[in-house]
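Novice: Pasting a structure here, questions to come.
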Amino acid sequence: MTYIFKYIELLNLRLLDYPDSAVDNLTALIKTNENNVRMKIIEEMTKDFSMILTETKESIKREINKLLNKHLEDNNE
């Protein structure tokens with residue numbers, strides 16, 4: 001249960017820390033006033049959020065594996 005909260009907290013921090021460069025790119029897209037700007041923004045945000053989710057998931061998996069390995073080592077001693 002602790003890891004679920006840790007995952008949510010880490011994800012929240014990463015989403016709130018959305019890179020300025022990504023925001024600048026989205027702002028530039030909006031200013032172009034192109035017909036397909038809505039789809040471009042959705043694609044960019046989907047790509048960015050997908051990357052954030054993947055990075056967060058991998059980070060949590062590494063932490064769990066470290067704890068599991070430590071637990072297994074402690075039990076083997």
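Chain lettering (A, B, ...) mirrors the order of the structure tokens, residue numbering begins at 1 for each chain separately, and ligand numbering begins at 1 in order of display.
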So that I can see what lies close to stretch 3-11 of chain A, please list as a PyMOL selection string the residues with an atom at most 8 Å from it, counting only C-alpha atoms and leaving out residues fewer than 3 positions away in the same chain.

Specialist: chain A and resi 14-15+52-53+56-57+60

Novice: Hey, what's within 9 Å of stretch 21-33 of chain A if we count only C-alpha atoms and toss same-chain stuff fewer than 5 positions away? As JSON, numbers by chain, please?

Specialist: {"A": [38, 40, 41, 44, 45, 48]}

Novice: Let me see the file: selected residues, N, CA, C and O atoms, as a short mmCIF file (atom, residue, chain, number, x, y, z; two decimals), in the first residue's frame.

Specialist:
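Result file follows (selection.cif):
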data_model
loop_
_atom_site.label_atom_id
_atom_site.label_comp_id
_atom_site.auth_asym_id
_atom_site.auth_seq_id
_atom_site.Cartn_x
_atom_site.Cartn_y
_atom_site.Cartn_z
N ARG A 38 -5.49 21.66 -32.41
CA ARG A 38 -6.07 20.89 -31.28
C ARG A 38 -5.49 19.49 -31.25
O ARG A 38 -5.08 19.00 -30.20
N LYS A 40 -2.70 18.46 -32.63
CA LYS A 40 -1.26 18.52 -32.35
C LYS A 40 -1.00 18.65 -30.85
O LYS A 40 -0.10 18.04 -30.30
N ILE A 41 -1.81 19.47 -30.19
CA ILE A 41 -1.67 19.66 -28.74
C ILE A 41 -1.98 18.36 -28.01
O ILE A 41 -1.26 17.96 -27.10
N GLU A 44 0.95 15.99 -28.50
CA GLU A 44 2.11 16.39 -27.70
C GLU A 44 1.91 16.07 -26.22
O GLU A 44 2.79 15.53 -25.57
N MET A 45 0.74 16.42 -25.69
CA MET A 45 0.47 16.18 -24.28
C MET A 45 0.39 14.69 -23.99
O MET A 45 0.88 14.23 -22.96
N ASP A 48 3.95 13.46 -23.90
CA ASP A 48 4.62 13.91 -22.67
C ASP A 48 4.13 13.17 -21.44
O ASP A 48 4.92 12.72 -20.62
#
